[in-house]
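Text of the file query_37.cif, holding mmCIF, C-alpha atoms:
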data_run
#
loop_
_atom_site.label_atom_id
_atom_site.label_comp_id
_atom_site.auth_asym_id
_atom_site.auth_seq_id
_atom_site.Cartn_x
_atom_site.Cartn_y
_atom_site.Cartn_z
CA LEU A 1105 17.02 30.63 45.69
CA ALA A 1106 15.23 27.28 45.38
CA ASP A 1107 18.43 25.38 46.15
CA MET A 1108 19.11 27.62 49.15
CA ALA A 1109 15.54 28.00 50.41
CA ALA A 1110 15.80 25.63 53.36
CA ALA A 1111 19.16 27.00 54.48
CA LEU A 1112 17.96 30.61 54.21
CA GLY A 1113 14.70 29.83 55.97
CA ASN A 1114 16.54 28.10 58.80
CA HIS A 1115 18.97 31.02 59.05
CA TYR A 1116 16.24 33.62 59.52
CA GLN A 1117 14.19 31.43 61.85
CA ALA A 1118 17.28 30.74 63.94
CA ARG A 1119 18.60 34.29 64.18
CA GLY A 1120 15.67 36.61 63.48
CA GLY A 1121 15.41 39.36 60.88
CA LEU A 1122 12.50 37.66 59.15
CA VAL A 1123 11.08 40.75 57.46
CA GLN A 1124 14.15 41.36 55.34
CA ALA A 1125 13.85 37.87 53.84
CA LEU A 1126 10.26 38.23 52.65
CA PRO A 1127 10.73 40.18 49.36
CA ARG A 1128 13.30 37.67 48.11
CA PHE A 1129 11.05 34.71 48.83
CA LYS A 1130 8.00 36.49 47.38
CA ARG A 1131 9.77 37.17 44.06
CA ALA A 1132 11.01 33.58 43.87
CA GLU A 1133 7.58 32.14 44.68
CA ASP A 1134 5.84 34.32 42.08
CA LEU A 1135 8.33 33.30 39.42
CA LEU A 1136 8.05 29.60 40.24
CA VAL A 1137 4.24 29.69 40.36
CA SER A 1138 4.29 30.99 36.78
CA ARG A 1139 6.48 28.00 35.86
CA ALA A 1140 4.98 25.43 38.20
CA SER A 1141 4.88 22.61 35.66
CA GLU A 1142 8.58 23.06 34.87
CA ALA A 1143 9.95 23.03 38.42
CA PRO A 1144 7.39 21.68 40.92
CA GLU A 1145 10.01 20.58 43.45
CA ALA A 1146 11.61 24.03 43.45
CA LEU A 1147 8.21 25.65 43.95
CA CYS A 1148 7.49 23.34 46.89
CA ARG A 1149 10.79 24.17 48.58
CA VAL A 1150 10.42 27.94 48.20
CA ALA A 1151 6.70 28.09 49.01
CA LEU A 1152 7.05 25.97 52.16
CA GLU A 1153 9.93 28.06 53.50
CA PHE A 1154 8.00 31.24 52.66
CA ALA A 1155 5.04 29.82 54.58
CA ALA A 1156 7.27 29.09 57.60
CA LEU A 1157 8.61 32.66 57.66
CA ASN A 1158 5.11 34.13 57.46
CA PHE A 1159 3.96 31.79 60.24
CA TRP A 1160 6.42 33.43 62.63
CA LEU A 1161 5.20 36.83 61.46
CA ALA A 1162 1.58 35.84 62.24
CA ASP A 1163 0.42 36.29 58.63
CA TYR A 1164 -1.61 33.11 58.49
CA GLN A 1165 -3.41 33.97 55.25
CA ALA A 1166 0.00 34.27 53.58
CA VAL A 1167 0.90 30.89 55.09
CA GLU A 1168 -2.20 29.40 53.51
CA ARG A 1169 -1.47 30.94 50.08
CA SER A 1170 2.06 29.57 49.99
CA ALA A 1171 0.98 26.18 51.34
CA GLN A 1172 -1.71 25.92 48.67
CA HIS A 1173 0.90 26.66 45.96
CA ALA A 1174 3.11 23.92 47.40
CA LEU A 1175 0.21 21.48 47.71
CA ALA A 1176 -0.89 21.98 44.10
CA ALA A 1177 2.67 21.45 42.84
CA ALA A 1178 3.18 18.39 45.05
CA LEU A 1179 -0.06 16.76 43.91
CA ALA A 1180 0.63 17.47 40.23
CA ALA A 1181 4.16 16.06 40.43
CA ARG A 1182 3.29 13.24 42.87
CA LEU A 1183 5.60 14.37 45.65
CA PRO A 1184 4.12 12.74 48.80
CA ARG A 1185 6.59 14.25 51.26
CA ALA A 1186 6.00 17.79 49.98
CA GLU A 1187 2.25 17.10 50.02
CA ARG A 1188 2.45 16.18 53.71
CA GLN A 1189 4.51 19.26 54.49
CA ALA A 1190 2.01 21.51 52.71
CA LEU A 1191 -0.94 19.96 54.56
CA ASN A 1192 0.98 20.38 57.82
CA ALA A 1193 1.40 24.10 57.09
CA LEU A 1194 -2.31 24.43 56.29
CA ALA A 1195 -3.18 22.65 59.55
CA LEU A 1196 -1.05 24.99 61.66
CA ALA A 1197 -2.47 28.06 59.90
CA ALA A 1198 -5.98 26.75 60.55
CA MET A 1199 -5.19 26.28 64.25
CA ARG A 1200 -3.88 29.83 64.61
CA GLN A 1201 -7.11 31.14 63.06
CA GLY A 1202 -9.35 29.23 65.44
CA LYS A 1203 -10.18 26.36 63.05
CA THR A 1204 -8.79 23.75 65.42
CA GLU A 1205 -10.87 20.75 64.36
CA GLN A 1206 -10.03 21.36 60.71
CA GLY A 1207 -6.35 21.54 61.59
CA ALA A 1208 -6.54 18.36 63.67
CA ASP A 1209 -8.23 16.48 60.82
CA LEU A 1210 -5.51 17.56 58.37
CA LEU A 1211 -2.69 16.62 60.71
CA THR A 1212 -4.24 13.25 61.54
CA ARG A 1213 -4.30 12.52 57.82
CA VAL A 1214 -0.69 13.64 57.42
CA LEU A 1215 0.54 11.64 60.42
CA THR A 1216 -1.21 8.51 59.15
CA SER A 1217 0.50 8.91 55.78
CA ALA A 1218 3.93 9.37 57.37
CA ARG A 1219 3.45 6.28 59.57
CA ARG A 1220 2.35 4.24 56.58
CA GLU A 1221 5.50 5.18 54.67
CA GLY A 1222 7.79 4.62 57.65
CA ALA A 1223 8.97 8.25 57.56
CA ASP A 1224 10.20 8.30 61.16
CA ARG A 1225 11.49 11.88 61.17
CA GLU A 1226 8.22 13.15 59.77
CA VAL A 1227 6.23 11.11 62.27
CA ALA A 1228 7.98 12.95 65.10
CA VAL A 1229 7.26 16.35 63.51
CA PHE A 1230 3.60 15.67 62.77
CA ALA A 1231 2.93 13.92 66.08
CA GLY A 1232 4.40 16.94 67.87
CA ASN A 1233 2.21 19.33 65.88
CA LEU A 1234 -0.94 17.26 66.27
CA CYS A 1235 -0.54 17.10 70.03
CA GLY A 1236 -0.96 20.89 70.16
CA LEU A 1237 -4.29 20.76 68.37
CA LEU A 1238 -5.51 17.86 70.50
CA ARG A 1239 -4.55 19.83 73.61
CA GLU A 1240 -6.64 22.73 72.33
CA LEU A 1241 -9.56 20.36 71.82
CA GLY A 1242 -9.27 19.06 75.39
CA GLU A 1243 -7.86 15.64 74.51
CA SER A 1244 -4.99 15.99 76.96
CA ASP A 1245 -4.17 12.29 77.37
CA ARG A 1246 -3.86 11.71 73.62
CA ALA A 1247 -1.92 14.96 73.30
CA GLU A 1248 0.57 13.95 75.97
CA SER A 1249 1.02 10.47 74.48
CA LEU A 1250 1.80 11.94 71.05
CA ALA A 1251 4.10 14.55 72.58
CA LEU A 1252 6.16 11.91 74.38
CA GLU A 1253 6.38 9.86 71.19
CA ALA A 1254 7.50 12.95 69.27
CA LEU A 1255 10.05 13.86 71.95
CA GLN A 1256 11.66 10.42 71.70
CA GLY A 1257 11.73 10.68 67.93
CA HIS A 1258 13.32 14.13 67.87
CA ARG A 1259 15.95 13.10 70.40
CA ARG A 1260 16.68 9.92 68.45
CA HIS A 1261 17.32 11.96 65.31
CA GLY A 1262 19.12 14.82 67.06
CA HIS A 1263 16.45 17.32 65.98
CA ALA A 1264 16.87 20.08 68.55
CA VAL A 1265 14.21 22.43 67.14
CA GLY A 1266 11.64 19.65 67.27
CA GLU A 1267 12.70 18.76 70.80
CA VAL A 1268 12.13 22.34 71.95
CA SER A 1269 8.75 22.50 70.24
CA VAL A 1270 7.54 19.33 71.96
CA LEU A 1271 8.91 20.35 75.36
CA ASN A 1272 6.82 23.49 74.93
CA GLU A 1273 3.74 21.36 74.32
CA LEU A 1274 4.44 19.17 77.34
CA ALA A 1275 4.85 22.31 79.45
CA LEU A 1276 1.51 23.64 78.20
CA ILE A 1277 -0.24 20.35 78.99
CA ALA A 1278 1.20 20.33 82.52
CA HIS A 1279 0.37 24.01 83.05
CA GLN A 1280 -3.25 23.57 82.04
CA ALA A 1281 -3.51 20.58 84.39
CA GLY A 1282 -2.19 22.70 87.27
CA HIS A 1283 1.14 20.84 87.51
CA PHE A 1284 3.15 24.03 87.74
CA ASP A 1285 6.53 22.68 88.85
CA SER A 1286 6.51 20.08 86.08
CA ALA A 1287 5.50 22.70 83.52
CA TYR A 1288 8.26 25.07 84.62
CA SER A 1289 10.79 22.24 84.49
CA ARG A 1290 9.82 21.41 80.89
CA CYS A 1291 10.38 25.06 79.97
CA ALA A 1292 13.78 25.00 81.65
CA GLN A 1293 14.73 21.88 79.67
CA ALA A 1294 13.71 23.64 76.45
CA LEU A 1295 15.75 26.72 77.33
CA GLU A 1296 18.79 24.52 78.01
CA VAL A 1297 18.49 23.05 74.51
CA ILE A 1298 18.07 26.54 73.03
CA GLU A 1299 21.16 27.87 74.81
CA ARG A 1300 23.18 24.80 73.87
CA HIS A 1301 22.47 25.22 70.18
CA ALA A 1302 22.26 29.03 70.11
CA VAL A 1303 20.30 29.00 66.83
CA MET A 1304 16.70 29.26 68.00
CA ALA A 1305 16.19 32.97 68.53
CA LEU A 1306 12.48 32.83 67.75
CA ARG A 1307 11.78 30.09 70.28
CA LYS A 1308 13.47 31.55 73.34
CA PRO A 1309 10.82 34.23 74.04
CA VAL A 1310 8.07 31.60 73.73
CA MET A 1311 9.58 29.63 76.60
CA LEU A 1312 10.30 32.70 78.73
CA THR A 1313 6.70 33.88 78.37
CA LEU A 1314 5.37 30.45 79.28
CA GLN A 1315 7.54 30.45 82.39
CA ALA A 1316 6.17 33.89 83.25
CA SER A 1317 2.61 32.62 82.81
CA ILE A 1318 3.31 29.66 85.10
CA ARG A 1319 4.70 32.01 87.75
CA LEU A 1320 1.50 34.08 87.50
CA ASP A 1321 -0.54 31.00 88.37
CA GLN A 1322 1.81 30.41 91.30
CA GLN A 1323 1.34 34.03 92.49
CA ARG A 1324 5.07 34.67 92.09
CA ILE A 1325 4.45 38.01 90.46
CA ASP A 1326 7.89 39.61 90.61
CA GLU A 1327 9.42 36.57 88.91
CA ALA A 1328 6.64 36.57 86.33
CA LEU A 1329 7.30 40.21 85.46
CA ALA A 1330 11.06 39.71 85.20
CA LEU A 1331 10.59 36.74 82.86
CA ALA A 1332 8.06 38.59 80.72
CA GLU A 1333 10.35 41.60 80.43
CA ALA A 1334 13.21 39.33 79.37
CA SER A 1335 10.91 37.81 76.76
CA LEU A 1336 9.94 41.26 75.49
CA ALA A 1337 13.60 42.12 74.98
CA GLU A 1338 14.01 38.96 72.89
CA VAL A 1339 10.86 39.61 70.84
CA ASN A 1340 12.03 43.13 70.05
CA ARG A 1341 15.46 41.82 69.10
CA VAL A 1342 14.37 39.05 66.72
CA GLY A 1343 10.96 40.24 65.51
CA ALA A 1344 8.83 37.25 66.58
CA ARG A 1345 5.47 38.86 65.79
CA SER A 1346 3.43 35.69 66.18
CA HIS A 1347 4.39 35.50 69.84
CA ALA A 1348 3.96 39.18 70.74
CA PRO A 1349 0.22 39.15 71.65
CA ALA A 1350 0.65 36.36 74.22
CA LEU A 1351 3.64 38.13 75.70
CA HIS A 1352 1.82 41.47 76.05
CA ARG A 1353 -1.08 39.71 77.76
CA VAL A 1354 1.20 38.09 80.32
CA LEU A 1355 2.99 41.40 80.90
CA ALA A 1356 -0.38 43.06 81.44
CA GLU A 1357 -1.48 40.46 83.98
CA ALA A 1358 1.78 40.75 85.92
CA LEU A 1359 1.49 44.55 86.01
CA LEU A 1360 -2.16 44.30 87.00
CA ALA A 1361 -1.25 42.07 89.95
CA LEU A 1362 1.18 44.78 91.06
CA GLY A 1363 -1.53 47.45 90.89
CA ARG A 1364 -0.15 49.08 87.74
CA SER A 1365 -3.44 49.05 85.83
CA ALA A 1366 -2.65 51.88 83.40
CA GLU A 1367 0.47 50.07 82.17
CA ALA A 1368 -1.48 46.83 82.00
CA ALA A 1369 -4.11 48.49 79.80
CA ARG A 1370 -1.40 49.71 77.43
CA HIS A 1371 -0.10 46.18 76.92
CA LEU A 1372 -3.62 44.82 76.42
CA ARG A 1373 -4.27 47.49 73.77
CA THR A 1374 -1.09 46.40 72.01
CA ALA A 1375 -2.18 42.75 72.09
CA LEU A 1376 -5.61 43.68 70.72
CA ALA A 1377 -4.09 45.65 67.84
CA GLN A 1378 -1.85 42.70 66.96
CA LEU A 1379 -4.68 40.15 67.03
CA GLU A 1380 -7.39 41.98 65.11
CA PRO A 1381 -9.59 40.83 63.51
CA LEU A 1382 -10.55 38.69 66.49
CA ASP A 1383 -11.50 35.06 65.87
CA ALA A 1384 -12.06 31.87 67.88
CA SER A 1385 -8.35 31.06 68.23
CA SER A 1386 -6.63 30.37 71.54
CA ALA A 1387 -4.85 33.72 71.16
CA THR A 1388 -8.16 35.60 71.05
CA ARG A 1389 -9.59 33.58 73.92
CA GLY A 1390 -6.48 34.33 75.94
CA LEU A 1391 -6.90 38.05 75.30
CA LEU A 1392 -10.53 37.85 76.44
CA CYS A 1393 -9.48 36.14 79.68
CA SER A 1394 -6.76 38.72 80.30
CA CYS A 1395 -9.22 41.55 79.66
CA ALA A 1396 -11.72 39.90 82.00
CA SER A 1397 -9.00 39.89 84.66
CA TYR A 1398 -8.41 43.58 83.97
CA ALA A 1399 -12.13 44.41 84.19
CA LEU A 1400 -12.45 42.46 87.43
CA SER A 1401 -9.43 44.16 88.98
CA THR A 1402 -10.78 47.58 88.07
CA GLY A 1403 -14.23 46.92 89.54
CA ARG A 1404 -16.23 46.33 86.35
CA THR A 1405 -17.83 43.00 87.13
CA ASP A 1406 -20.45 43.07 84.37
CA GLN A 1407 -17.76 43.55 81.73
CA ALA A 1408 -15.56 40.91 83.32
CA ALA A 1409 -18.41 38.40 83.22
CA LEU A 1410 -19.27 39.16 79.59
CA LEU A 1411 -15.64 38.89 78.43
CA SER A 1412 -15.09 35.65 80.33
CA LEU A 1413 -18.26 34.21 78.78
CA CYS A 1414 -17.17 35.39 75.32
CA ALA A 1415 -14.02 33.31 75.84
CA GLU A 1416 -16.09 30.34 77.05
CA VAL A 1417 -18.48 30.26 74.07
CA ARG A 1418 -15.54 30.42 71.64
CA ARG A 1419 -13.73 27.52 73.29
CA PRO A 1420 -13.98 23.94 71.93
CA PRO A 1421 -16.51 21.94 73.99
CA ARG A 1422 -13.82 20.04 75.91
CA GLY A 1423 -11.18 22.75 75.72
CA THR A 1424 -9.10 23.39 78.82
CA VAL A 1425 -8.54 26.67 80.66
CA LEU A 1426 -5.57 27.87 82.67
CA PRO A 1427 -6.20 27.62 86.42
CA ARG A 1428 -6.09 31.38 86.99
CA TYR A 1429 -8.75 31.94 84.33
CA VAL A 1430 -11.01 29.40 86.01
CA LEU A 1431 -10.80 31.56 89.14
CA VAL A 1432 -11.43 34.75 87.16
CA HIS A 1433 -14.51 33.15 85.60
CA LYS A 1434 -15.90 32.13 88.99
CA ARG A 1435 -15.24 35.56 90.50
CA ALA A 1436 -16.74 37.39 87.52
CA LEU A 1437 -19.95 35.34 87.51
CA GLY A 1438 -20.21 35.01 91.29
CA PRO A 1439 -22.37 38.10 91.96
CA PHE A 1440 -25.04 37.14 89.41
CA ASP A 1441 -28.00 34.79 89.65
CA ALA A 1442 -28.62 32.07 87.08
CA ALA A 1443 -30.99 34.19 84.98
CA ARG A 1444 -28.48 37.04 84.71
CA VAL A 1445 -25.66 34.63 83.81
CA GLU A 1446 -27.81 33.09 81.07
CA ALA A 1447 -28.63 36.55 79.70
CA LEU A 1448 -24.93 37.41 79.64
CA ARG A 1449 -24.15 34.11 77.90
CA GLU A 1450 -26.74 34.88 75.22
CA SER A 1451 -25.15 38.29 74.78
CA ALA A 1452 -21.72 36.64 74.44
CA LEU A 1453 -23.07 34.34 71.72
CA ARG A 1454 -24.41 37.35 69.80
CA THR A 1455 -21.22 39.39 70.10
CA ASP A 1456 -19.36 39.27 66.79
CA ALA A 1457 -15.68 40.08 66.24
CA ALA A 1458 -16.22 43.78 65.49
CA ALA A 1459 -18.46 44.32 68.51
CA LEU A 1460 -16.05 42.41 70.73
CA SER A 1461 -13.15 44.57 69.56
CA ARG A 1462 -15.14 47.74 70.28
CA HIS A 1463 -16.09 46.45 73.72
CA ILE A 1464 -12.46 45.75 74.64
CA THR A 1465 -11.30 49.09 73.22
CA GLU A 1466 -13.88 50.98 75.30
CA LEU A 1467 -12.88 49.04 78.41
CA LEU A 1468 -9.19 49.84 77.96
CA VAL A 1469 -9.65 53.45 76.85
CA GLU A 1470 -11.14 54.20 80.24
CA ALA A 1471 -7.69 53.54 81.72
#

Kindly transcribe the structure held in the file into structure tokens.
Amino acid sequence: LADMAAALGNHYQARGGLVQALPRFKRAEDLLVSRASEAPEALCRVALEFAALNFWLADYQAVERSAQHALAAALAARLPRAERQALNALALAAMRQGKTEQGADLLTRVLTSARREGADREVAVFAGNLCGLLRELGESDRAESLALEALQGHRRHGHAVGEVSVLNELALIAHQAGHFDSAYSRCAQALEVIERHAVMALRKPVMLTLQASIRLDQQRIDEALALAEASLAEVNRVGARSHAPALHRVLAEALLALGRSAEAARHLRTALAQLEPLDASSATRGLLCSCASYALSTGRTDQAALLSLCAEVRRPPRGTVLPRYVLVHKRALGPFDAARVEALRESALRTDAAALSRHITELLVEA
């Protein structure tokens, strides 16, 4: 399996069916860990592909375990490229668990190493990944600069998967800045690359959902719902678990805008179940904003304000917010005076993951 790890990993990431690959990779990783000193390169290859599969399945602790196996083997055998790849995997897992600054520090270190060694292909990959963490931290200008550098690098090397990933980042940057037409155009470019290569099944629903989210901000609700439903069909077909919570949130918001609150609540309950335990990640903050929208639409202003503030206190200090969530926040806090807002903010700071989950569950059960 070690010799075929990359090809197999690419196959399942391109066409779906990830779950069926896991037992084979798990057995191979366990065997190679027991013989790490004999075959460190083989362990790195298998563990890193196993980490990539689990990333798409949203099992970020499994990603960390495999990446740590790869990192230990790479350090022991002095394999700098494998070391960078392992640190990259750890950085992305950290980001998805809300440890954005930690992830950014790791990726900065990795990118510096790749630049120093003149590893141009790796520079494009790591620059593209780092831009996502910088975007999360509110460093949009640096994020965009790195994304454009990465895009040029991927196109120079004919790396279509990398190109799609960076177009996604550029779309997110534009969306958060309120440049909706530009954001939608970046998504369309990514979808053209996906259709041209026909081997990126896991990435198509990501772009469709982002287009749906952009249409929500533009108040083009019917289009948003159609795009989200198309994305759901793709997620169900290929099993892209890591993307499902974001998709269900966008579906919920589109249904809510059409007055279909009971259906919206069902999708929000699904997103909650997929994200638990809740953390400080962008996925959790997105769920809180969507639930605040739901509470506001169903006349529960106190709950809307608390949920929106829970998202705010979990956000990096300079972190950006989608335009529609800025409006939700203003509407939710609008009826309250400064003292009441401060009391709600203190309550948000005291609300831990378990209490937050219970609060959301109670809100949605009422539907």

Surrounding residues of Phe1230 of chain A excluding itself and chain neighbours under 6 positions, 8 Å, all atoms listed in the file, as a PDB file with C-alpha atoms, keeping the file's coordinate frame:
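Ended up saving to part_11.pdb:
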ATOM      1  CA  ASN A1192       0.980  20.380  57.820  1.00  0.00           C
ATOM      2  CA  LEU A1211      -2.690  16.620  60.710  1.00  0.00           C
ATOM      3  CA  VAL A1214      -0.690  13.640  57.420  1.00  0.00           C
ATOM      4  CA  LEU A1215       0.540  11.640  60.420  1.00  0.00           C
TER       5      LEU A1215
END

Would you pick out the contacts of Leu1147 of chain A at 9 Å or less, using all atoms listed in the file, so that residues sharing its chain but fewer than 6 positions from it are not included, and give the list as an MDAnalysis selection string? chainID A and resid 1106 1132:1133 1135:1137 1139:1140 1173:1174 1177:1178

What does the distance between atom CA of Arg1454 of chain A and atom CA of Ser1385 of chain A come to in Å, to one decimal place? 17.3 Å

Run the PyMOL selection byres ((chain A and resi 1410-1419) around 9) against the file shown and list the residues it catches, as an MDAnalysis selection string. chainID A and resid 1202 1240:1241 1383:1386 1388:1397 1399 1405:1409 1420:1424 1429 1432:1433 1436:1437 1445 1448:1449 1451:1453 1455 1460 1463:1464

Matched chain/residue IDs from the PyMOL selection byres ((chain A and resi 1357) around 12), as a VMD selection string: chain A and resid 1313 1316 to 1321 1323 to 1326 1328 to 1329 1332 1350 to 1356 1358 to 1372 1390 to 1391 1393 to 1401 1428 to 1429 1432

Okay, now the selection with C-alpha atoms, as an mmCIF file, in the frame of the given file?
data_model
loop_
_atom_site.group_PDB
_atom_site.id
_atom_site.type_symbol
_atom_site.label_atom_id
_atom_site.label_comp_id
_atom_site.auth_asym_id
_atom_site.auth_seq_id
_atom_site.Cartn_x
_atom_site.Cartn_y
_atom_site.Cartn_z
ATOM 1 C CA THR A 1313 6.700 33.880 78.370
ATOM 2 C CA ALA A 1316 6.170 33.890 83.250
ATOM 3 C CA SER A 1317 2.610 32.620 82.810
ATOM 4 C CA ILE A 1318 3.310 29.660 85.100
ATOM 5 C CA ARG A 1319 4.700 32.010 87.750
ATOM 6 C CA LEU A 1320 1.500 34.080 87.500
ATOM 7 C CA ASP A 1321 -0.540 31.000 88.370
ATOM 8 C CA GLN A 1323 1.340 34.030 92.490
ATOM 9 C CA ARG A 1324 5.070 34.670 92.090
ATOM 10 C CA ILE A 1325 4.450 38.010 90.460
ATOM 11 C CA ASP A 1326 7.890 39.610 90.610
ATOM 12 C CA ALA A 1328 6.640 36.570 86.330
ATOM 13 C CA LEU A 1329 7.300 40.210 85.460
ATOM 14 C CA ALA A 1332 8.060 38.590 80.720
ATOM 15 C CA ALA A 1350 0.650 36.360 74.220
ATOM 16 C CA LEU A 1351 3.640 38.130 75.700
ATOM 17 C CA HIS A 1352 1.820 41.470 76.050
ATOM 18 C CA ARG A 1353 -1.080 39.710 77.760
ATOM 19 C CA VAL A 1354 1.200 38.090 80.320
ATOM 20 C CA LEU A 1355 2.990 41.400 80.900
ATOM 21 C CA ALA A 1356 -0.380 43.060 81.440
ATOM 22 C CA ALA A 1358 1.780 40.750 85.920
ATOM 23 C CA LEU A 1359 1.490 44.550 86.010
ATOM 24 C CA LEU A 1360 -2.160 44.300 87.000
ATOM 25 C CA ALA A 1361 -1.250 42.070 89.950
ATOM 26 C CA LEU A 1362 1.180 44.780 91.060
ATOM 27 C CA GLY A 1363 -1.530 47.450 90.890
ATOM 28 C CA ARG A 1364 -0.150 49.080 87.740
ATOM 29 C CA SER A 1365 -3.440 49.050 85.830
ATOM 30 C CA ALA A 1366 -2.650 51.880 83.400
ATOM 31 C CA GLU A 1367 0.470 50.070 82.170
ATOM 32 C CA ALA A 1368 -1.480 46.830 82.000
ATOM 33 C CA ALA A 1369 -4.110 48.490 79.800
ATOM 34 C CA ARG A 1370 -1.400 49.710 77.430
ATOM 35 C CA HIS A 1371 -0.100 46.180 76.920
ATOM 36 C CA LEU A 1372 -3.620 44.820 76.420
ATOM 37 C CA GLY A 1390 -6.480 34.330 75.940
ATOM 38 C CA LEU A 1391 -6.900 38.050 75.300
ATOM 39 C CA CYS A 1393 -9.480 36.140 79.680
ATOM 40 C CA SER A 1394 -6.760 38.720 80.300
ATOM 41 C CA CYS A 1395 -9.220 41.550 79.660
ATOM 42 C CA ALA A 1396 -11.720 39.900 82.000
ATOM 43 C CA SER A 1397 -9.000 39.890 84.660
ATOM 44 C CA TYR A 1398 -8.410 43.580 83.970
ATOM 45 C CA ALA A 1399 -12.130 44.410 84.190
ATOM 46 C CA LEU A 1400 -12.450 42.460 87.430
ATOM 47 C CA SER A 1401 -9.430 44.160 88.980
ATOM 48 C CA ARG A 1428 -6.090 31.380 86.990
ATOM 49 C CA TYR A 1429 -8.750 31.940 84.330
ATOM 50 C CA VAL A 1432 -11.430 34.750 87.160
#

Given all atoms listed in the file as the counted atoms, nearest of A:Leu1306, A:Ala1186, A:Ala1198, A:Ile1298 to Ala1218 of chain A: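 Once distances to Ala1218 of chain A are computed over all atoms listed in the file, the minimum belongs to A:Ala1186.
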
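Picture a line from atom CA of Asp1163 of chain A to atom CA of Val1425 of chain A; it runs 25.7 Å.
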
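Here atom CA of Arg1300 of chain A stands at a distance of 15.9 Å from atom CA of Leu1312 of chain A.
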
Could you list the residues chosen by the PyMOL selection byres ((chain A and resi 1162) around 12) in this structure as an MDAnalysis selection string? chainID A and resid 1122:1123 1155:1161 1163:1168 1196:1201 1343:1349 1378:1380 1387

Using only C-alpha atoms, determine which residues lie at most 9 Å from Ala1208 of chain A, disregarding the query and same-chain residues fewer than 4 positions distant; provide the list as a list of chain:residue names.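 Counting only C-alpha atoms, the residues come to A:Ala1195, A:Leu1196, A:Ala1198, A:Met1199, A:Lys1203, A:Thr1204, A:Thr1212, A:Arg1213, A:Leu1234, A:Cys1235, A:Gly1236, A:Leu1237, A:Leu1238, A:Leu1241.
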
A:Arg1341, A:His1279, A:Arg1220, A:Arg1182: which is nearest Ala1305 of chain A, counting all atoms listed in the file?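 Nearest candidate to Ala1305 of chain A out of A:Arg1341, A:His1279, A:Arg1220, A:Arg1182: A:Arg1341.
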
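Checking A:Val1430, A:Ala1459, A:Leu1295, A:Leu1183 one by one against Gln1280 of chain A, counting only C-alpha atoms, you find the shortest gap at A:Val1430.
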
Residue among A:Leu1376, A:Arg1169, A:Leu1179, A:Arg1435 lying closest to Gly1403 of chain A, counting all atoms listed in the file: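 Closest candidate: A:Arg1435.
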
Rank nothing, just name the residue among A:Gly1222, A:Arg1444, A:Arg1260, A:Glu1273 nearest to Ala1247 of chain A, using all atoms listed in the file. A:Glu1273

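The closest residue to Gln1293 of chain A, picked from A:Glu1142, A:Glu1221, A:Asp1456, A:Glu1267 and counting all atoms listed in the file, is A:Glu1267.
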
To test the calculation: enclose all listed atoms of segment 1179-1183 of chain A in a box whose edges run along x, y and z, add 5 Å on each side, then state centre and edge lengths in Å to one decimal, as AutoDock Vina command-line options.
--center_x 2.8 --center_y 15.4 --center_z 42.9 --size_x 15.7 --size_y 14.2 --size_z 15.4

Within-7 Å shell of (1.3, 17.7, 36.0) in input frame, all atoms listed in the file, as a list in words: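 Residues with an atom at most 7 Å from (1.3, 17.7, 36.0): Ser1141, Ala1180 and Ala1181 of chain A.
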
What would segment 1184-1191 of chain A look like with N, CA, C and O atoms in place, written as a compact mmCIF listing (two decimals), in the coordinates of the input?
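Done, and the output landed in rebuild-v3.txt:
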# COMPACT_ATOMS: atom_id res chain seq x y z
N PRO A 1184 4.87 12.98 47.55
CA PRO A 1184 4.12 12.74 48.80
C PRO A 1184 4.69 13.47 50.02
O PRO A 1184 3.93 13.93 50.88
N ARG A 1185 6.01 13.57 50.10
CA ARG A 1185 6.59 14.25 51.26
C ARG A 1185 6.24 15.73 51.25
O ARG A 1185 5.84 16.31 52.28
N ALA A 1186 6.35 16.37 50.09
CA ALA A 1186 6.00 17.79 49.98
C ALA A 1186 4.50 17.99 50.22
O ALA A 1186 4.09 19.00 50.81
N GLU A 1187 3.70 17.02 49.77
CA GLU A 1187 2.25 17.10 50.02
C GLU A 1187 1.98 17.11 51.52
O GLU A 1187 1.18 17.92 52.02
N ARG A 1188 2.65 16.23 52.26
CA ARG A 1188 2.45 16.18 53.71
C ARG A 1188 2.90 17.49 54.37
O ARG A 1188 2.24 18.01 55.27
N GLN A 1189 4.02 18.02 53.91
CA GLN A 1189 4.51 19.26 54.49
C GLN A 1189 3.54 20.42 54.23
O GLN A 1189 3.32 21.27 55.10
N ALA A 1190 2.97 20.46 53.03
CA ALA A 1190 2.01 21.51 52.71
C ALA A 1190 0.75 21.39 53.56
O ALA A 1190 0.23 22.39 54.08
N LEU A 1191 0.25 20.17 53.73
CA LEU A 1191 -0.94 19.96 54.56
C LEU A 1191 -0.64 20.30 56.02
O LEU A 1191 -1.50 20.83 56.74
